[in-house]
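S.K.: I'm passing along coords.txt; it holds compact mmCIF, C-alpha atoms.
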# COMPACT_ATOMS: atom_id res chain seq x y z
CA MET A 24 0.00 0.00 0.00
CA THR A 25 1.57 3.23 -1.13
CA PHE A 26 1.24 6.29 1.06
CA PRO A 27 3.13 9.60 0.85
CA GLN A 28 6.76 9.20 1.81
CA GLN A 29 7.35 12.74 3.06
CA PRO A 30 8.07 13.08 6.77
CA GLN A 31 4.76 13.19 8.60
CA TYR A 32 6.21 14.48 11.86
CA PRO A 33 7.78 17.96 12.10
CA GLN A 34 11.25 18.46 13.53
CA GLN A 35 11.25 17.97 17.30
CA PRO A 36 13.16 20.27 19.67
CA GLN A 37 16.71 19.19 20.33
CA GLY A 38 17.80 17.97 23.73
CA ARG A 39 14.44 16.30 24.54
CA PRO A 40 14.59 12.79 26.06
CA GLN A 41 13.55 10.37 23.32
CA GLY A 42 13.05 7.28 25.46
CA PRO A 43 14.96 4.22 24.36
CA ALA A 44 18.46 4.26 23.04
CA PRO A 45 18.92 3.66 19.30
CA GLN A 46 19.70 -0.06 19.69
CA TYR A 47 16.15 -0.65 20.95
CA GLN A 48 14.50 0.76 17.84
CA PRO A 49 12.91 -1.91 15.61
CA ASN A 50 13.93 -2.40 12.03
CA GLY A 51 11.41 -1.20 9.46
CA PRO A 52 10.76 1.40 6.78
CA GLN A 53 12.67 4.62 6.87
CA SER A 54 11.31 6.63 9.75
CA GLN A 55 9.02 9.58 9.22
CA TYR A 56 10.56 11.03 12.37
CA PRO A 57 13.93 12.77 12.08
CA MET A 58 16.57 10.88 14.01
CA GLN A 59 18.14 12.84 16.85
CA PRO A 60 21.29 12.26 18.88
CA MET A 61 20.56 10.80 22.28
CA PRO A 62 21.44 13.06 25.22
CA GLN A 63 24.22 11.64 27.36
CA TYR A 64 22.79 11.21 30.84
CA PRO A 65 24.83 10.36 33.93
CA GLN A 66 24.09 6.95 35.41
CA PRO A 67 23.30 7.39 39.11
CA PRO A 68 23.52 4.35 41.36
CA ILE A 69 19.76 4.28 41.94
CA ALA A 70 18.10 2.85 38.81
CA ASN A 71 14.75 4.57 39.25
CA ARG A 72 16.46 7.96 38.94
CA ASN A 73 17.79 7.11 35.51
CA PRO A 74 16.14 9.46 32.96
CA PHE A 75 15.19 6.46 30.83
CA PHE A 76 13.24 4.83 33.67
CA GLU A 77 11.70 8.15 34.61
CA TRP A 78 10.56 8.55 31.00
CA LEU A 79 9.10 5.03 31.01
CA LYS A 80 7.22 5.75 34.24
CA GLN A 81 5.83 8.93 32.71
CA ALA A 82 4.65 6.98 29.67
CA ARG A 83 2.89 4.50 31.97
CA ARG A 84 1.19 7.39 33.76
CA ASP A 85 0.08 8.84 30.43
CA PHE A 86 -1.55 5.57 29.40
CA SER A 87 -3.10 5.17 32.84
CA ARG A 88 -4.69 8.60 32.52
CA ILE A 89 -6.07 7.67 29.11
CA GLY A 90 -7.47 4.40 30.47
CA ALA A 91 -9.06 6.19 33.42
CA SER A 92 -10.63 8.69 31.02
CA LEU A 93 -12.13 5.89 28.94
CA CYS A 94 -13.36 4.19 32.10
CA LEU A 95 -15.07 7.37 33.29
CA MET A 96 -16.61 7.78 29.83
CA VAL A 97 -18.27 4.36 30.14
CA VAL A 98 -19.51 5.02 33.69
CA VAL A 99 -20.99 8.43 32.83
CA TRP A 100 -22.52 7.05 29.64
CA TYR A 101 -24.19 4.11 31.36
CA ALA A 102 -25.51 6.19 34.24
CA LEU A 103 -26.99 8.95 32.08
CA ALA A 104 -28.29 6.55 29.42
CA THR A 105 -30.12 4.48 32.04
CA VAL A 106 -31.91 7.57 33.33
CA LEU A 107 -32.67 9.08 29.92
CA GLU A 108 -33.85 5.83 28.30
CA GLY A 109 -36.12 5.16 31.28
CA ALA A 110 -37.63 8.64 31.03
CA LEU A 111 -38.16 8.35 27.26
CA TYR A 112 -39.71 4.89 27.60
CA ALA A 113 -42.12 6.19 30.22
CA ALA A 114 -42.93 9.19 28.01
CA VAL A 115 -44.01 6.96 25.10
CA GLY A 116 -46.30 4.89 27.30
CA GLY A 117 -43.98 2.28 28.78
CA LYS A 118 -45.76 -0.62 27.09
CA GLY A 119 -44.73 -3.17 24.49
CA GLU A 120 -41.51 -3.20 22.51
CA THR A 121 -39.26 -0.18 22.96
CA PRO A 122 -39.08 1.93 19.77
CA ASN A 123 -35.54 1.99 18.46
CA TRP A 124 -35.41 5.79 18.54
CA VAL A 125 -35.76 5.64 22.33
CA THR A 126 -32.62 3.49 22.54
CA TYR A 127 -30.72 5.57 20.01
CA VAL A 128 -31.53 8.93 21.62
CA GLY A 129 -31.29 7.67 25.19
CA SER A 130 -27.88 6.11 24.56
CA GLY A 131 -26.40 8.39 21.91
CA VAL A 132 -27.08 11.81 23.40
CA PRO A 133 -25.31 11.15 26.75
CA LEU A 134 -22.42 9.41 25.00
CA TYR A 135 -21.74 11.88 22.21
CA LEU A 136 -22.52 15.15 23.98
CA ILE A 137 -21.38 14.45 27.53
CA ALA A 138 -19.34 11.27 28.16
CA MET A 139 -16.94 11.53 25.21
CA PRO A 140 -16.13 15.24 25.70
CA ILE A 141 -15.47 14.63 29.40
CA ALA A 142 -13.05 11.80 28.55
CA VAL A 143 -11.16 13.92 26.03
CA MET A 144 -10.92 16.81 28.49
CA LEU A 145 -9.43 14.51 31.14
CA MET A 146 -6.88 13.11 28.69
CA GLY A 147 -5.32 16.55 28.39
CA LYS A 148 -3.02 17.58 25.56
CA SER A 149 0.43 16.95 26.99
CA THR A 150 1.05 13.85 24.84
CA VAL A 151 -0.39 15.19 21.56
CA ILE A 152 2.18 15.85 18.84
CA GLU A 153 1.79 17.78 15.61
CA THR A 154 1.58 15.81 12.36
CA ARG A 155 1.35 16.65 8.69
CA LYS A 156 -1.77 15.66 6.77
CA PHE A 157 -1.92 13.73 3.49
CA ASP A 158 -4.66 12.97 0.98
CA MET A 159 -5.68 9.50 -0.12
CA LYS A 160 -6.38 8.67 -3.75
CA PRO A 161 -9.84 7.21 -4.56
CA GLY A 162 -8.31 3.96 -5.83
CA LEU A 163 -6.49 3.33 -2.54
CA PHE A 164 -9.61 4.26 -0.58
CA PHE A 165 -11.67 1.69 -2.48
CA LYS A 166 -8.98 -0.96 -2.07
CA LEU A 167 -8.79 -0.45 1.69
CA LEU A 168 -12.59 -0.45 1.93
CA LEU A 169 -12.71 -3.84 0.21
CA MET A 170 -10.12 -5.13 2.66
CA CYS A 171 -12.40 -4.08 5.55
CA LEU A 172 -15.23 -6.38 4.42
CA PRO A 173 -13.57 -9.76 5.07
CA MET A 174 -12.35 -8.43 8.42
CA MET A 175 -15.94 -7.52 9.22
CA TRP A 176 -17.24 -10.91 8.11
CA VAL A 177 -14.64 -13.01 9.93
CA GLY A 178 -14.96 -10.97 13.11
CA SER A 179 -18.74 -11.23 13.00
CA MET A 180 -18.62 -15.00 12.53
CA VAL A 181 -16.16 -15.48 15.41
CA GLY A 182 -18.15 -13.20 17.71
CA SER A 183 -21.45 -14.90 16.91
CA MET A 184 -20.12 -18.44 17.33
CA LEU A 185 -18.35 -17.62 20.58
CA SER A 186 -21.38 -15.78 21.98
CA LEU A 187 -23.71 -18.66 21.19
CA ALA A 188 -21.25 -21.24 22.52
CA LEU A 189 -20.78 -19.45 25.83
CA SER A 190 -24.51 -18.88 26.33
CA ASP A 191 -25.69 -22.33 25.13
CA GLY A 192 -27.41 -20.66 22.20
CA GLU A 193 -29.44 -18.28 24.37
CA ALA A 194 -27.65 -14.99 23.61
CA THR A 195 -29.09 -12.52 21.11
CA ASN A 196 -27.39 -9.68 19.31
CA ARG A 197 -29.36 -6.71 20.57
CA VAL A 198 -27.73 -4.33 18.10
CA ALA A 199 -28.84 -6.49 15.17
CA ASP A 200 -32.35 -6.70 16.62
CA LEU A 201 -32.37 -2.91 16.95
CA ALA A 202 -31.30 -2.45 13.33
CA MET A 203 -34.11 -4.72 12.14
CA GLN A 204 -36.56 -1.93 13.05
CA THR A 205 -35.87 -0.34 9.68
CA ASN A 206 -36.53 3.41 9.78
CA ILE A 207 -34.80 6.78 9.52
CA TRP A 208 -33.29 6.48 13.00
CA ASN A 209 -30.91 3.80 11.77
CA VAL A 210 -29.58 6.25 9.20
CA VAL A 211 -29.28 9.13 11.67
CA PHE A 212 -27.49 7.23 14.45
CA LEU A 213 -25.86 4.19 12.82
CA VAL A 214 -24.76 5.77 9.56
CA ILE A 215 -24.16 9.44 10.41
CA LEU A 216 -23.71 10.30 14.08
CA GLY A 217 -22.16 7.03 15.28
CA PRO A 218 -19.24 7.00 12.80
CA ILE A 219 -18.55 10.72 13.21
CA PHE A 220 -18.28 10.68 17.00
CA GLU A 221 -16.66 7.24 17.30
CA GLU A 222 -13.95 8.09 14.79
CA TRP A 223 -13.35 11.41 16.51
CA MET A 224 -12.94 9.62 19.84
CA PHE A 225 -11.15 6.37 19.01
CA ARG A 226 -9.08 7.45 16.05
CA LYS A 227 -8.33 11.15 16.33
CA GLN A 228 -8.24 11.58 20.09
CA LEU A 229 -6.85 8.20 21.12
CA ILE A 230 -4.23 7.98 18.38
CA ASP A 231 -3.23 11.64 18.66
CA HIS A 232 -2.64 11.12 22.39
CA THR A 233 -0.55 7.94 21.99
CA ARG A 234 1.19 7.96 18.60
CA LYS A 235 4.36 9.54 19.95
CA TYR A 236 5.01 6.27 21.83
CA GLY A 237 4.79 4.17 18.66
CA GLU A 238 2.50 3.87 15.66
CA LYS A 239 1.71 0.17 16.13
CA THR A 240 1.13 0.79 19.82
CA ALA A 241 -1.38 3.55 19.10
CA ILE A 242 -3.19 1.59 16.38
CA LEU A 243 -3.57 -1.57 18.47
CA LEU A 244 -4.77 0.41 21.48
CA SER A 245 -7.28 2.25 19.30
CA GLY A 246 -8.63 -1.04 17.94
CA LEU A 247 -8.79 -2.75 21.34
CA ALA A 248 -10.51 0.21 23.02
CA PHE A 249 -12.98 0.42 20.13
CA GLY A 250 -13.83 -3.28 20.43
CA LEU A 251 -14.21 -3.16 24.21
CA PHE A 252 -16.27 0.03 24.00
CA HIS A 253 -19.09 -1.85 22.25
CA MET A 254 -19.43 -4.15 25.29
CA ASN A 255 -21.04 -6.78 23.06
CA LEU A 256 -19.24 -10.06 22.30
CA PHE A 257 -21.10 -10.33 19.00
CA GLN A 258 -19.41 -7.09 17.95
CA PHE A 259 -16.04 -7.22 19.72
CA PHE A 260 -13.93 -9.06 17.13
CA TYR A 261 -15.06 -7.21 14.03
CA ALA A 262 -14.99 -3.88 15.88
CA PHE A 263 -11.40 -4.62 16.95
CA LEU A 264 -10.29 -5.57 13.43
CA LEU A 265 -12.02 -2.61 11.80
CA GLY A 266 -10.63 -0.35 14.51
CA VAL A 267 -7.12 -1.48 13.62
CA MET A 268 -7.73 -0.81 9.92
CA PHE A 269 -9.32 2.59 10.56
CA GLY A 270 -6.47 3.41 12.92
CA TYR A 271 -3.88 2.57 10.26
CA ILE A 272 -5.70 4.76 7.73
CA TYR A 273 -5.83 7.69 10.13
CA MET A 274 -2.19 7.14 11.13
CA ARG A 275 -1.00 7.40 7.54
CA THR A 276 -3.17 10.39 6.55
CA SER A 277 -3.85 12.29 9.79
CA LYS A 278 -7.25 13.06 8.25
CA LEU A 279 -10.41 11.74 9.86
CA ARG A 280 -12.54 11.93 6.72
CA TYR A 281 -11.33 8.65 5.23
CA SER A 282 -11.90 6.33 8.19
CA THR A 283 -15.20 8.10 8.93
CA ALA A 284 -16.40 7.59 5.36
CA MET A 285 -15.48 3.88 5.49
CA HIS A 286 -17.20 3.55 8.86
CA MET A 287 -20.35 5.13 7.42
CA ILE A 288 -20.37 2.82 4.38
CA ILE A 289 -19.91 -0.31 6.50
CA ASN A 290 -22.60 0.77 8.97
CA PHE A 291 -24.95 1.58 6.11
CA ASN A 292 -24.51 -1.92 4.75
CA GLY A 293 -24.94 -3.66 8.10
CA GLY A 294 -27.46 -1.34 9.73
CA VAL A 295 -29.64 -0.21 6.83
CA LEU A 296 -29.18 -2.12 3.57
CA ALA A 297 -28.93 -5.70 4.90
CA PRO A 298 -31.87 -5.34 7.34
CA TRP A 299 -33.99 -3.81 4.57
CA ILE A 300 -33.21 -6.73 2.24
CA LEU A 301 -34.04 -9.27 4.95
CA THR A 302 -37.41 -7.63 5.54
CA ARG A 303 -38.28 -8.15 1.86
CA VAL A 304 -38.81 -11.83 2.77
CA ASP A 305 -41.26 -13.16 5.37
CA LEU A 306 -38.74 -15.07 7.47
CA ASP A 307 -41.21 -15.79 10.29
CA GLN A 308 -43.54 -17.53 7.85
CA LEU A 309 -40.57 -19.39 6.37
CA ASP A 310 -40.04 -21.26 9.65
CA LYS A 311 -43.63 -22.44 9.62
CA VAL A 312 -43.69 -23.56 5.99
CA SER A 313 -40.33 -25.30 6.44
CA GLN A 314 -41.82 -27.44 9.19
CA ALA A 315 -44.87 -28.10 7.01
CA ALA A 316 -42.63 -29.14 4.12
CA GLU A 317 -40.78 -31.57 6.38
CA ASN A 318 -44.14 -33.13 7.17
CA GLY A 319 -44.89 -33.55 3.48
CA ASN A 320 -46.78 -30.32 2.74
CA VAL A 321 -44.64 -29.17 -0.18
CA ALA A 322 -47.44 -26.95 -1.51
CA ALA A 323 -47.04 -24.60 1.46
CA MET A 324 -43.39 -24.05 0.61
CA GLU A 325 -44.19 -23.47 -3.05
CA GLN A 326 -46.86 -20.93 -2.12
CA TRP A 327 -44.48 -19.09 0.20
CA ALA A 328 -41.78 -19.00 -2.52
CA SER A 329 -44.21 -17.53 -5.05
CA GLN A 330 -45.36 -14.88 -2.58
CA ASN A 331 -41.77 -13.87 -1.77
CA ALA A 332 -40.25 -14.28 -5.23
CA ALA A 333 -39.17 -10.63 -5.61
CA GLY A 334 -37.65 -10.50 -2.13
CA LEU A 335 -35.83 -13.80 -2.67
CA ALA A 336 -34.36 -12.51 -5.95
CA ILE A 337 -33.09 -9.34 -4.25
CA MET A 338 -31.63 -11.38 -1.39
CA VAL A 339 -29.84 -13.82 -3.70
CA VAL A 340 -28.30 -11.00 -5.77
CA TYR A 341 -27.20 -9.17 -2.61
CA PHE A 342 -25.52 -12.18 -1.02
CA LEU A 343 -23.81 -13.15 -4.26
CA LEU A 344 -22.36 -9.66 -4.63
CA TYR A 345 -21.44 -9.52 -0.95
CA GLY A 346 -19.66 -12.85 -1.19
CA ALA A 347 -17.75 -11.65 -4.26
CA VAL A 348 -16.49 -8.48 -2.60
CA ILE A 349 -15.51 -10.41 0.54
CA LEU A 350 -13.48 -12.78 -1.62
CA ALA A 351 -11.85 -9.85 -3.40
CA GLY A 352 -11.09 -8.29 -0.03
CA PHE A 353 -9.41 -11.49 1.18
CA VAL A 354 -7.18 -11.51 -1.90
CA LEU A 355 -6.22 -7.87 -1.36
CA LEU A 356 -5.49 -8.50 2.33
CA ILE A 357 -3.19 -11.40 1.55
CA ARG A 358 -1.35 -9.49 -1.16
CA ASN A 359 -0.97 -6.22 0.77
CA PHE A 360 -0.66 -7.28 4.41
CA ARG A 361 3.14 -7.06 4.45
CA LYS A 362 3.13 -3.76 2.54
CA ALA A 363 1.81 -1.78 5.48
CA GLU A 364 4.09 1.14 6.31
CA PHE A 365 5.14 2.10 9.82
CA TYR A 366 7.62 4.70 10.99
CA ILE A 367 9.57 5.12 14.19
CA ALA A 368 7.89 7.59 16.54
CA PRO A 369 9.68 10.35 18.46
CA GLU A 370 9.45 8.43 21.76
CA GLU A 371 9.04 4.86 20.49
CA LEU A 372 8.63 2.39 23.34
CA PRO A 373 11.47 -0.16 23.31
CA ARG A 374 10.81 -3.81 22.63
CA GLY A 375 9.80 -5.75 25.69
CA THR A 376 8.25 -2.76 27.48
CA GLY A 377 5.27 -1.91 25.28
CA ALA A 378 2.55 -4.19 26.69
CA ARG A 379 3.52 -3.56 30.31
CA THR A 380 3.70 0.20 29.79
CA VAL A 381 0.46 0.52 27.81
CA TYR A 382 -1.78 -1.98 29.60
CA GLY A 383 -0.06 -2.69 32.91
CA ASN A 384 -1.35 0.35 34.76
CA VAL A 385 -4.33 1.13 36.96
CA GLY A 386 -6.30 3.15 34.41
CA MET A 387 -6.09 0.65 31.56
CA VAL A 388 -6.64 -2.38 33.79
CA THR A 389 -9.76 -0.77 35.25
CA PHE A 390 -11.12 0.10 31.80
CA ILE A 391 -10.53 -3.43 30.49
CA VAL A 392 -12.04 -5.12 33.57
CA LEU A 393 -15.09 -2.83 33.53
CA THR A 394 -15.86 -3.33 29.84
CA VAL A 395 -15.29 -7.10 29.98
CA LEU A 396 -17.63 -7.32 32.98
CA LEU A 397 -20.33 -5.31 31.19
CA THR A 398 -19.84 -7.48 28.09
CA ALA A 399 -20.40 -10.62 30.18
CA ILE A 400 -23.52 -9.11 31.77
CA SER A 401 -24.99 -8.24 28.36
CA LEU A 402 -24.23 -11.76 27.12
CA PHE A 403 -25.87 -13.70 29.95
CA LEU A 404 -28.71 -11.39 31.00
Translate the structure described by the file into structure tokens.
M.R.:
Amino acid sequence: MTFPQQPQYPQQPQGRPQGPAPQYQPNGPQSQYPMQPMPQYPQPPIANRNPFFEWLKQARRDFSRIGASLCLMVVVWYALATVLEGALYAAVGGKGETPNWVTYVGSGVPLYLIAMPIAVMLMGKSTVIETRKFDMKPGLFFKLLLMCLPMMWVGSMVGSMLSLALSDGEATNRVADLAMQTNIWNVVFLVILGPIFEEWMFRKQLIDHTRKYGEKTAILLSGLAFGLFHMNLFQFFYAFLLGVMFGYIYMRTSKLRYSTAMHMIINFNGGVLAPWILTRVDLDQLDKVSQAAENGNVAAMEQWASQNAAGLAIMVVYFLLYGAVILAGFVLLIRNFRKAEFYIAPEELPRGTGARTVYGNVGMVTFIVLTVLLTAISLFL
């Protein structure tokens, strides 16, 4: 995959501690970051006063603050959404199935307008570094979009099988059930608002706050946080994989428009187009006529097929095309996986310290435990 080769990171001030010594830096493409001479620090007898260890401790504190901010975002979101959804449900009568707009408004408004801004404010700006922005050609955009589709499909299959296995087949994907109420609210929240705010939070904010410690580190954290944020095992794996892809796209362009556009297209397919196509066929009646056909009543199946002929034709064409683009995406992934470009960051974490520094702190551990716990609750309750 070919991206602009110009340095993406402006010249950093001289004399600033850069973290690991040069021998720790991984091999890879020519760095976008200008190489700087390492300051020569005295080596005091107490190891924890060594500037390198002090820098590593500061990095751990930075990631802990980010994890704590994400954790608070989830807590504020859940608390406010519970209150607002309850009030909206009572306002519409409090009887029968909850309209999907109640869930969208009750959940989306507290998250997008309150919880996310609070989290970003608490993250601060001390770790954000300036980057140059690059455009992406339409051909590359389309290629990367195709590569997202098999990631979406594989992740969805893994999440569904694991969810059903852990729950003995009792779990249901509430997001999919919500999308099946096909109306304008799916477009407003799933296709427009959701991608805009989620990309702003998990790509721009999270990557901007962590990329100075390593591009792969920032991308993987963005994907993991995005997957955990959904707190739905059906969604975790494909959200993680797509989060990694969107993170890579944002990393290489520093422009949010491309990952947001891809996010919108994928959500339109899964939250609007596919549910609409499925509603063209009477699936509830299909279960009944299938049982009748097994008992020898073939006429019932023939009658159902004739009544749903147009919907069946649309469904067949859709799934054939979808299968073709997934296959094309697999081919592109295999051919381009090793062509991904990464550059050494100004304060790249040395090998062997990344996982412990990023995830081995109070803030990140709390965020992971909280979201895993809420995922388990949603799976079994």
S.K.: Please return, as a VMD selection string, all polymer residues that have at least one atom within 8 Å of the point (-15.8, 3.5, 10.0); use only C-alpha atoms and the file's own coordinate frame.
M.R.: chain A and resid 218 222 265 to 266 269 282 to 290
S.K.: Of the residues A:Ala110, A:Met144, A:Ile272, A:Ala82, which is the one nearest to Phe157 in chain A, using all atoms listed in the file?
M.R.: A:Ile272
S.K.: Select all residues near (-43.0, -18.6, 1.7) (cut-off 9 Å, inclusive, file coordinates), counting all atoms listed in the file, and output them as a list in words.
M.R.: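 Counting all atoms listed in the file, I find these residues within 9 Å of (-43.0, -18.6, 1.7): Val304, Asp305, Leu306, Gln308, Leu309, Asp310, Lys311, Val312, Ser313, Ala323, Met324, Glu325, Gln326, Trp327, Ala328, Ser329, Gln330, Asn331 and Ala332 of chain A.
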S.K.: Counting all atoms listed in the file, what is within 12 Å of Leu251 in chain A, bar same-chain residues fewer than 3 positions away, as an MDAnalysis selection string?
M.R.: chainID A and resid 90 93:94 97 225 244:248 254:264 266 387 390:399
S.K.: Write out, as a short mmCIF file (atom, residue, chain, number, x, y, z; two decimals), in the frame of the given file, the residues just selected, with C-alpha atoms.
M.R.:
data_model
loop_
_atom_site.label_atom_id
_atom_site.label_comp_id
_atom_site.auth_asym_id
_atom_site.auth_seq_id
_atom_site.Cartn_x
_atom_site.Cartn_y
_atom_site.Cartn_z
CA GLY A 90 -7.47 4.40 30.47
CA LEU A 93 -12.13 5.89 28.94
CA CYS A 94 -13.36 4.19 32.10
CA VAL A 97 -18.27 4.36 30.14
CA PHE A 225 -11.15 6.37 19.01
CA LEU A 244 -4.77 0.41 21.48
CA SER A 245 -7.28 2.25 19.30
CA GLY A 246 -8.63 -1.04 17.94
CA LEU A 247 -8.79 -2.75 21.34
CA ALA A 248 -10.51 0.21 23.02
CA MET A 254 -19.43 -4.15 25.29
CA ASN A 255 -21.04 -6.78 23.06
CA LEU A 256 -19.24 -10.06 22.30
CA PHE A 257 -21.10 -10.33 19.00
CA GLN A 258 -19.41 -7.09 17.95
CA PHE A 259 -16.04 -7.22 19.72
CA PHE A 260 -13.93 -9.06 17.13
CA TYR A 261 -15.06 -7.21 14.03
CA ALA A 262 -14.99 -3.88 15.88
CA PHE A 263 -11.40 -4.62 16.95
CA LEU A 264 -10.29 -5.57 13.43
CA GLY A 266 -10.63 -0.35 14.51
CA MET A 387 -6.09 0.65 31.56
CA PHE A 390 -11.12 0.10 31.80
CA ILE A 391 -10.53 -3.43 30.49
CA VAL A 392 -12.04 -5.12 33.57
CA LEU A 393 -15.09 -2.83 33.53
CA THR A 394 -15.86 -3.33 29.84
CA VAL A 395 -15.29 -7.10 29.98
CA LEU A 396 -17.63 -7.32 32.98
CA LEU A 397 -20.33 -5.31 31.19
CA THR A 398 -19.84 -7.48 28.09
CA ALA A 399 -20.40 -10.62 30.18
#
S.K.: Please provide as a short mmCIF file (atom, residue, chain, number, x, y, z; two decimals) with C-alpha atoms, in the coordinates of the input all residues within 10 Å of Leu350 in chain A, with the sequence filter that same-chain residues fewer than 5 positions apart are discarded (counting only C-alpha atoms).
M.R.:
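Written out: part23.cif:
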data_model
loop_
_atom_site.label_atom_id
_atom_site.label_comp_id
_atom_site.auth_asym_id
_atom_site.auth_seq_id
_atom_site.Cartn_x
_atom_site.Cartn_y
_atom_site.Cartn_z
CA LEU A 169 -12.71 -3.84 0.21
CA MET A 170 -10.12 -5.13 2.66
CA LEU A 172 -15.23 -6.38 4.42
CA PRO A 173 -13.57 -9.76 5.07
CA LEU A 344 -22.36 -9.66 -4.63
CA TYR A 345 -21.44 -9.52 -0.95
CA LEU A 355 -6.22 -7.87 -1.36
CA LEU A 356 -5.49 -8.50 2.33
#
S.K.: Measuring atom to atom with all atoms listed in the file, identify which of A:Tyr127, A:Phe75, A:Phe353, A:Tyr101 is nearest to Cys171 in chain A.
M.R.: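 Ranked by minimum distance to Cys171 in chain A, first place goes to A:Phe353.
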S.K.: Given the choices A:Tyr366, A:Trp176, A:Phe252, A:Tyr281, which gets closest to Met224 in chain A if the distance is worked out from all atoms listed in the file?
M.R.: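 So, comparing all the options, the nearest one is A:Phe252.
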S.K.: Can you measure CA of Ile349 in chain A to CA of Leu187 in chain A for me? One decimal in Å is fine.
M.R.: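 Rounded to one decimal, the two atoms are 23.7 Å apart.
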S.K.: What gap, in Å, lies between CA of Met338 in chain A and CA of Ala202 in chain A?
M.R.: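 Taking CA of Met338 in chain A and CA of Ala202 in chain A, their separation equals 17.2 Å.
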S.K.: So, with all atoms listed in the file as the atoms that count, which of A:Gly131, A:Gly377, A:Gly178, A:Gly270 lies closest to Arg83 in chain A?
M.R.: A:Gly377
S.K.: Which is closest to Ala297 in chain A among A:Thr195, A:Val115, A:Arg374, A:Gln204, if we use all atoms listed in the file?
M.R.: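 Counting all atoms listed in the file, the residue closest to Ala297 in chain A is A:Gln204.
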S.K.: From the list A:Val339, A:Met146, A:Met139, A:Val354, which residue is nearest Met174 in chain A when using all atoms listed in the file?
M.R.: A:Val354
S.K.: One decimal, Å: what's the distance from CA of Asn123 in chain A over to CA of Met180 in chain A, could you say?
M.R.: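 It comes out at 24.7 Å.
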